[in-house]
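Q: What follows is upload.csv, made up of CSV, C-alpha atoms:
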```
chain,number,residue,atom,x,y,z
A,1,MET,CA,-18.7,162.1,196.7
A,2,VAL,CA,-15.5,163.9,197.6
A,3,ASN,CA,-12.9,161.9,199.5
A,4,TYR,CA,-11.3,164.4,201.9
A,5,PRO,CA,-7.8,163.6,203.2
A,6,LEU,CA,-7.4,162.4,206.8
A,7,TRP,CA,-5.0,165.2,207.5
A,8,ARG,CA,-6.0,168.8,206.7
A,9,PRO,CA,-3.0,171.0,207.6
A,10,THR,CA,-3.6,174.3,209.2
A,11,VAL,CA,-1.0,177.0,209.3
A,12,ARG,CA,-0.1,180.0,211.6
A,13,SER,CA,2.3,182.7,210.5
A,14,PHE,CA,4.2,185.4,212.2
A,15,ALA,CA,6.4,188.1,210.6
A,16,LYS,CA,8.4,191.2,211.3
A,17,THR,CA,10.6,193.5,209.2
A,18,ASP,CA,13.3,195.8,210.6
A,19,VAL,CA,15.4,198.5,209.0
A,20,GLY,CA,18.6,197.2,210.6
A,21,ARG,CA,21.4,199.3,212.1
A,22,HIS,CA,22.9,201.0,209.0
A,23,ARG,CA,20.1,201.7,206.5
A,24,LYS,CA,17.9,204.7,206.6
A,25,MET,CA,15.0,203.1,204.7
A,26,ASN,CA,13.4,199.7,204.7
A,27,GLU,CA,13.1,198.3,201.2
A,28,ASP,CA,11.9,194.9,202.3
A,29,ALA,CA,8.3,193.9,202.1
A,30,PHE,CA,6.3,190.8,203.2
A,31,PHE,CA,2.8,189.4,203.0
A,32,ARG,CA,1.1,186.7,205.0
A,33,ASP,CA,-2.5,185.3,204.9
A,34,ASP,CA,-3.2,182.2,206.9
A,35,THR,CA,-6.6,181.8,205.2
A,36,LEU,CA,-5.4,182.0,201.7
A,37,ARG,CA,-2.2,180.3,203.0
A,38,LEU,CA,0.1,182.5,200.9
A,39,PHE,CA,3.4,183.9,202.2
A,40,ILE,CA,5.8,186.3,200.5
A,41,VAL,CA,9.1,188.0,201.3
A,42,ALA,CA,10.6,190.6,198.9
A,43,ASP,CA,13.9,192.5,199.1
A,44,GLY,CA,13.8,195.6,196.9
A,45,MET,CA,16.8,197.3,195.3
A,46,GLY,CA,17.3,200.6,193.5
A,47,GLY,CA,17.9,204.3,194.5
A,48,HIS,CA,15.5,207.1,195.4
A,49,ALA,CA,13.2,204.7,197.3
A,50,ALA,CA,12.8,202.6,194.2
A,51,GLY,CA,13.5,199.4,196.1
A,52,GLU,CA,10.7,200.1,198.5
A,53,ILE,CA,8.3,200.6,195.5
A,54,ALA,CA,9.5,197.5,193.7
A,55,SER,CA,9.1,195.2,196.7
A,56,GLY,CA,5.8,196.6,197.7
A,57,GLU,CA,4.3,196.5,194.2
A,58,ALA,CA,5.6,193.0,193.6
A,59,VAL,CA,4.1,191.7,196.8
A,60,ASP,CA,0.7,193.3,196.0
A,61,THR,CA,0.7,191.9,192.5
A,62,VAL,CA,1.6,188.4,193.5
A,63,TYR,CA,-1.1,188.4,196.2
A,64,GLY,CA,-3.7,189.7,193.7
A,65,MET,CA,-2.9,187.2,191.0
A,66,VAL,CA,-2.9,184.3,193.4
A,67,LYS,CA,-6.1,185.3,195.1
A,68,ARG,CA,-7.9,185.5,191.7
A,69,GLY,CA,-6.4,182.3,190.5
A,70,VAL,CA,-6.9,179.8,193.4
A,71,GLY,CA,-10.6,179.5,192.5
A,72,GLY,CA,-9.6,177.5,189.4
A,73,LEU,CA,-7.6,175.0,191.4
A,74,GLY,CA,-10.6,173.1,192.9
A,75,ASP,CA,-10.7,172.1,196.6
A,76,LEU,CA,-7.7,173.7,198.1
A,77,TYR,CA,-7.6,171.0,200.9
A,78,GLN,CA,-7.4,168.1,198.4
A,79,PRO,CA,-3.9,166.6,198.0
A,80,LEU,CA,-2.1,167.6,194.8
A,81,ASP,CA,-2.0,165.2,192.0
A,82,GLU,CA,0.4,165.7,189.1
A,83,ASP,CA,-1.9,167.8,187.0
A,84,ARG,CA,-3.0,170.1,189.8
A,85,GLY,CA,0.6,170.4,191.0
A,86,ARG,CA,1.5,171.7,187.5
A,87,SER,CA,-1.4,174.1,187.7
A,88,VAL,CA,-0.4,175.5,191.0
A,89,CYS,CA,3.2,176.0,189.8
A,90,ARG,CA,1.9,177.8,186.7
A,91,LEU,CA,-0.2,180.1,188.9
A,92,LEU,CA,2.7,181.1,191.2
A,93,GLU,CA,5.0,181.5,188.2
A,94,GLY,CA,2.5,183.6,186.4
A,95,ALA,CA,1.9,185.8,189.4
A,96,ILE,CA,5.6,186.5,189.8
A,97,GLN,CA,5.9,187.2,186.0
A,98,ALA,CA,3.0,189.6,186.4
A,99,ALA,CA,4.9,191.3,189.2
A,100,THR,CA,8.0,191.5,187.0
A,101,TYR,CA,6.1,193.2,184.2
A,102,MET,CA,4.4,195.6,186.6
A,103,VAL,CA,7.7,196.7,188.3
A,104,PHE,CA,9.4,197.0,184.9
A,105,GLY,CA,6.6,199.1,183.5
A,106,LEU,CA,6.6,201.5,186.5
A,107,ALA,CA,10.3,202.0,186.1
A,108,GLN,CA,9.8,203.2,182.5
A,109,PHE,CA,7.7,206.2,183.7
A,110,GLU,CA,10.2,207.5,186.2
A,111,LYS,CA,13.8,207.6,185.0
A,112,ASP,CA,15.3,207.8,188.6
A,113,LYS,CA,13.7,204.3,189.2
A,114,SER,CA,15.1,202.8,186.0
A,115,GLY,CA,16.5,199.3,186.8
A,116,MET,CA,14.7,198.9,190.1
A,117,GLY,CA,13.9,195.4,191.1
A,118,THR,CA,13.2,193.0,193.9
A,119,THR,CA,13.7,189.5,195.1
A,120,ILE,CA,10.7,187.3,195.6
A,121,SER,CA,10.4,184.2,197.8
A,122,ALA,CA,6.8,183.0,197.9
A,123,ALA,CA,5.1,179.9,199.4
A,124,LEU,CA,1.6,178.7,198.9
A,125,VAL,CA,0.0,175.8,200.9
A,126,ILE,CA,-2.3,173.7,198.8
A,127,GLY,CA,-3.7,170.4,200.2
A,128,ASP,CA,-0.8,168.7,202.0
A,129,SER,CA,1.9,170.4,200.0
A,130,LEU,CA,4.0,173.6,200.0
A,131,VAL,CA,4.5,175.2,196.6
A,132,THR,CA,7.4,177.7,196.3
A,133,GLY,CA,8.2,180.4,193.8
A,134,GLN,CA,11.7,181.9,193.8
A,135,VAL,CA,13.6,184.8,192.2
A,136,GLY,CA,16.7,186.3,193.7
A,137,ASP,CA,18.5,185.7,197.0
A,138,SER,CA,15.9,185.8,199.7
A,139,ARG,CA,15.4,182.3,201.0
A,140,ILE,CA,12.9,179.7,202.3
A,141,TYR,CA,14.1,177.2,204.9
A,142,ARG,CA,12.3,174.2,206.3
A,143,VAL,CA,12.8,172.9,209.8
A,144,ARG,CA,11.6,169.3,210.4
A,145,GLN,CA,12.6,167.0,213.3
A,146,ASN,CA,15.2,169.6,214.5
A,147,GLN,CA,16.9,169.7,211.1
A,148,ALA,CA,17.0,172.8,208.9
A,149,VAL,CA,17.3,172.7,205.1
A,150,GLN,CA,17.4,175.5,202.5
A,151,LEU,CA,14.6,174.8,200.0
A,152,THR,CA,15.4,177.6,197.6
A,153,GLU,CA,18.4,178.3,195.4
A,154,ASP,CA,20.1,181.7,195.5
A,155,HIS,CA,20.2,183.5,192.1
A,156,THR,CA,23.6,185.1,192.7
A,157,LEU,CA,26.9,185.1,190.9
A,158,ILE,CA,28.5,183.4,193.9
A,159,ALA,CA,25.9,180.6,194.0
A,160,TRP,CA,26.5,180.0,190.3
A,161,GLN,CA,30.2,180.0,190.7
A,162,MET,CA,30.0,177.5,193.5
A,163,LYS,CA,27.5,175.3,191.5
A,164,GLN,CA,30.0,175.2,188.6
A,165,GLY,CA,32.9,174.3,191.0
A,166,LEU,CA,34.7,177.5,190.2
A,167,ILE,CA,35.1,178.6,193.8
A,168,SER,CA,35.0,177.0,197.2
A,169,GLU,CA,32.5,177.8,200.0
A,170,HIS,CA,35.4,179.5,201.9
A,171,GLU,CA,36.2,181.6,198.9
A,172,ALA,CA,32.6,182.5,198.4
A,173,LYS,CA,32.3,183.9,202.0
A,174,ASN,CA,35.2,186.3,201.2
A,175,SER,CA,34.3,187.2,197.7
A,176,PRO,CA,33.7,190.9,196.8
A,177,HIS,CA,30.9,189.7,194.5
A,178,ARG,CA,28.6,188.2,197.2
A,179,ASN,CA,25.8,190.6,196.5
A,180,VAL,CA,25.7,190.4,192.7
A,181,ILE,CA,22.2,189.0,191.9
A,182,THR,CA,21.7,187.2,188.6
A,183,ARG,CA,17.9,187.2,188.6
A,184,ALA,CA,15.5,189.9,189.9
A,185,VAL,CA,11.8,190.8,189.5
A,186,GLY,CA,11.4,194.0,187.5
A,187,ASN,CA,14.7,195.0,186.0
A,188,ARG,CA,13.6,193.3,182.8
A,189,GLU,CA,10.2,192.4,181.3
A,190,TYR,CA,10.7,188.7,181.9
A,191,VAL,CA,12.5,186.6,184.5
A,192,GLU,CA,12.9,182.9,185.0
A,193,VAL,CA,11.1,181.7,188.1
A,194,ASP,CA,12.0,178.5,190.0
A,195,THR,CA,9.0,176.6,191.3
A,196,ASN,CA,9.0,173.5,193.4
A,197,ILE,CA,6.5,171.3,195.4
A,198,TYR,CA,7.3,169.9,198.9
A,199,PRO,CA,5.1,167.6,201.0
A,200,LEU,CA,4.1,169.0,204.4
A,201,ALA,CA,4.5,167.2,207.7
A,202,SER,CA,2.8,168.0,211.0
A,203,GLY,CA,5.2,170.1,213.1
A,204,ASP,CA,7.0,171.6,210.1
A,205,LYS,CA,8.3,175.2,210.3
A,206,TYR,CA,9.1,177.3,207.3
A,207,ILE,CA,11.2,180.5,207.5
A,208,LEU,CA,11.0,183.0,204.6
A,209,CYS,CA,13.7,185.7,205.0
A,210,SER,CA,15.7,188.4,203.2
A,211,ASP,CA,19.4,188.2,203.0
A,212,GLY,CA,19.6,190.8,205.9
A,213,LEU,CA,18.8,187.8,208.1
A,214,HIS,CA,20.2,184.7,206.4
A,215,GLY,CA,23.5,186.5,205.7
A,216,TYR,CA,24.2,186.3,209.5
A,217,LEU,CA,22.7,182.8,210.1
A,218,GLN,CA,24.3,179.4,210.2
A,219,LEU,CA,22.1,176.6,209.1
A,220,ASP,CA,22.5,174.6,212.3
A,221,GLU,CA,21.3,177.7,214.4
A,222,ILE,CA,17.9,177.8,212.7
A,223,PRO,CA,16.1,174.9,214.5
A,224,ALA,CA,16.8,176.1,218.0
A,225,VAL,CA,15.6,179.6,217.3
A,226,SER,CA,12.5,178.5,215.4
A,227,SER,CA,11.6,176.0,218.2
A,228,ILE,CA,10.8,179.1,220.4
A,229,GLY,CA,7.8,179.5,218.2
A,230,GLY,CA,5.5,182.3,217.2
A,231,GLU,CA,6.4,186.0,217.5
A,232,SER,CA,9.1,185.3,220.0
A,233,ALA,CA,11.0,183.3,217.4
A,234,VAL,CA,10.7,186.0,214.8
A,235,ASP,CA,11.9,188.6,217.3
A,236,GLN,CA,14.9,186.4,218.2
A,237,PHE,CA,15.9,186.0,214.5
A,238,ILE,CA,15.7,189.8,214.0
A,239,GLN,CA,17.7,190.5,217.2
A,240,LEU,CA,20.3,187.9,216.1
A,241,ALA,CA,20.9,189.7,212.8
A,242,ASN,CA,21.1,193.1,214.4
A,243,ASN,CA,23.5,191.9,217.1
A,244,ARG,CA,25.8,190.6,214.4
A,245,GLY,CA,25.9,193.8,212.5
A,246,GLY,CA,22.5,194.6,211.0
A,247,LYS,CA,24.0,196.0,207.8
A,248,ASP,CA,20.9,195.4,205.8
A,249,ASN,CA,17.1,195.5,206.2
A,250,ILE,CA,15.9,192.3,208.0
A,251,THR,CA,12.7,190.4,207.3
A,252,CYS,CA,11.6,187.1,208.9
A,253,LEU,CA,8.3,185.3,208.2
A,254,LEU,CA,7.7,182.1,210.2
A,255,VAL,CA,5.0,179.6,209.1
A,256,GLU,CA,4.1,176.8,211.5
A,257,VAL,CA,2.2,173.7,210.3
A,258,ALA,CA,-0.2,172.1,212.7
```
Hey, can you dump this file as structure tokens for me?
A:
Amino acid sequence: MVNYPLWRPTVRSFAKTDVGRHRKMNEDAFFRDDTLRLFIVADGMGGHAAGEIASGEAVDTVYGMVKRGVGGLGDLYQPLDEDRGRSVCRLLEGAIQAATYMVFGLAQFEKDKSGMGTTISAALVIGDSLVTGQVGDSRIYRVRQNQAVQLTEDHTLIAWQMKQGLISEHEAKNSPHRNVITRAVGNREYVEVDTNIYPLASGDKYILCSDGLHGYLQLDEIPAVSSIGGESAVDQFIQLANNRGGKDNITCLLVEVA
């Protein structure tokens, strides 16, 4: 007899991407599926529309790999134990590695797309947990009890320098190297993927976004905007980034836990 948990979280998601005020092309991509409970934001990079191809192919590959792999994880509403937690992390890591190999392989056939790549911030809800996979400098935030926290780590030169104590937060904001990414999906055959597991709580909100949004955001601003809820909150985040400059493509994906 299966013992089902007393709380079976349901999720609703809302998303929007915007080209911003300075770019001619949108190289961001996103995916959301409230039934599969998989959510992805990708920020592509590379000339000649290569960034758009990289982000799109990466999102499609991660989705396909996860969709095929979740059947081997058992009841998706059962809470994660240690073994299943490791299995989910391996699934998400493997999906992102597959995307890396796919994007890298595509670049080998077209020289003008050589070196193209993308960030990936992915979240998969299993049982009463959120499992994240991260490469690059897109981000995942959690809002709980009116407090926002950044769940993912930026894979950038600036973040590494701050972590090593080489520069201060103030110096980082004014550094000319702010956009130097140390990990990306697709510019090599392999990439190191960060995975983590976070317990859900009723009322949680999760924001997945590209740096075109979080580059204009203060952490303490996130709870108020996300509390608007639904599409209106997503529109408000996009408008905020555009009003403050909109120098990059802007993508926001909001996941609400009920």
Q: One decimal, in Å: what's the spacing between atom CA of A:Gly133 and atom CA of A:Ser210?
A: 14.4 Å
Q: Give me the residues near A:Phe14 as number ranges by chain, where near means some atom within 10 Å (using all atoms listed in the file) and where sequence neighbours in that chain fewer than 5 positions away do not count.
A: A: 32-34, 207, 229-235, 252-256
Q: Just want the 12 Å neighbourhood of A:Ile140, counted on only C-alpha atoms, with same-chain residues fewer than 2 positions away dropped. Output as a ChimeraX atom specification.
A: /A:39-42,120-124,130-138,142-143,148-154,196,198,205-211,213-214,219,222,251-255
Q: Have a look at A:Asn243, A:Ser129, A:Thr10, A:Ser55 and name the one nearest to A:Thr35; count only C-alpha atoms.
A: A:Thr10
Q: Mind pulling up the distance from atom CA of A:Pro199 to atom CA of A:Gln147?
A: 15.7 Å
Q: Excluding A:Gly44 and residues on its chain fewer than 6 positions from it, collect all residues at most 7 Å away from it, counting only C-alpha atoms, and give them as a list in words.
A: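 Listed by chain and then number, they are Glu27, Asp28, Gly51, Glu52, Ala54, Ser55, Gly117, Thr118 and Thr119 of chain A.
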Q: Store the residues picked out above, limited to C-alpha atoms, as a short mmCIF file (atom, residue, chain, number, x, y, z; two decimals), in the frame of the given file.
A:
```cif
data_model
loop_
_atom_site.label_atom_id
_atom_site.label_comp_id
_atom_site.auth_asym_id
_atom_site.auth_seq_id
_atom_site.Cartn_x
_atom_site.Cartn_y
_atom_site.Cartn_z
CA GLU A 27 13.10 198.30 201.20
CA ASP A 28 11.90 194.90 202.30
CA GLY A 51 13.50 199.40 196.10
CA GLU A 52 10.70 200.10 198.50
CA ALA A 54 9.50 197.50 193.70
CA SER A 55 9.10 195.20 196.70
CA GLY A 117 13.90 195.40 191.10
CA THR A 118 13.20 193.00 193.90
CA THR A 119 13.70 189.50 195.10
#
```
Q: Return the single residue from A:Phe237, A:Phe109, A:Phe104, A:Tyr77 that is closest to A:Glu57, with distances computed using all atoms listed in the file.
A: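 Nearest candidate to A:Glu57 out of A:Phe237, A:Phe109, A:Phe104, A:Tyr77: A:Phe104.
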Q: Using all atoms listed in the file, which protein or nucleic acid residues come within 12 Å of A:Ser87? Drop anything in the same chain fewer than 3 positions from it, and give the result as a VMD selection string.
A: chain A and resid 66 69 to 74 80 to 84 90 to 94 126 131 195 to 197
Q: Residues of the last selection are to be written out with C-alpha atoms, as an mmCIF file, in the frame of the given file.
A:
```cif
data_model
loop_
_atom_site.group_PDB
_atom_site.id
_atom_site.type_symbol
_atom_site.label_atom_id
_atom_site.label_comp_id
_atom_site.auth_asym_id
_atom_site.auth_seq_id
_atom_site.Cartn_x
_atom_site.Cartn_y
_atom_site.Cartn_z
ATOM 1 C CA VAL A 66 -2.900 184.300 193.400
ATOM 2 C CA GLY A 69 -6.400 182.300 190.500
ATOM 3 C CA VAL A 70 -6.900 179.800 193.400
ATOM 4 C CA GLY A 71 -10.600 179.500 192.500
ATOM 5 C CA GLY A 72 -9.600 177.500 189.400
ATOM 6 C CA LEU A 73 -7.600 175.000 191.400
ATOM 7 C CA GLY A 74 -10.600 173.100 192.900
ATOM 8 C CA LEU A 80 -2.100 167.600 194.800
ATOM 9 C CA ASP A 81 -2.000 165.200 192.000
ATOM 10 C CA GLU A 82 0.400 165.700 189.100
ATOM 11 C CA ASP A 83 -1.900 167.800 187.000
ATOM 12 C CA ARG A 84 -3.000 170.100 189.800
ATOM 13 C CA ARG A 90 1.900 177.800 186.700
ATOM 14 C CA LEU A 91 -0.200 180.100 188.900
ATOM 15 C CA LEU A 92 2.700 181.100 191.200
ATOM 16 C CA GLU A 93 5.000 181.500 188.200
ATOM 17 C CA GLY A 94 2.500 183.600 186.400
ATOM 18 C CA ILE A 126 -2.300 173.700 198.800
ATOM 19 C CA VAL A 131 4.500 175.200 196.600
ATOM 20 C CA THR A 195 9.000 176.600 191.300
ATOM 21 C CA ASN A 196 9.000 173.500 193.400
ATOM 22 C CA ILE A 197 6.500 171.300 195.400
#
```
Q: Would you please work out which residue, of A:Val185, A:Ala29, A:Ala95, A:Met45, is nearest to A:Lys113 when using only C-alpha atoms?
A: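 When distances to A:Lys113 are compared using only C-alpha atoms, the smallest one comes from A:Met45.
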Q: For A:Gly64, which residue among A:Ser227, A:Ala99, A:Gly85, A:Ser114 is the nearest when counting only C-alpha atoms?
A: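 Looking only at the distances to A:Gly64, the closest residue turns out to be A:Ala99.
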Q: At a cut-off of 10 Å, using only C-alpha atoms, what residues contact A:Gly203? Leave out same-chain residues fewer than 4 positions from it and give the result as number ranges by chain.
A: A: 9, 143-145, 256-258
Q: State, in Å with one decimal place, the distance from atom CA of A:Asp204 to atom CA of A:Val19.
A: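 Separation of atom CA of A:Asp204 and atom CA of A:Val19: 28.2 Å.
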Q: Please determine, counting only C-alpha atoms, which residue among A:Arg183, A:Arg244, A:Arg188, A:Arg37 has the shortest atom-to-atom distance to A:Val11.
A: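 Nearest to A:Val11: A:Arg37.
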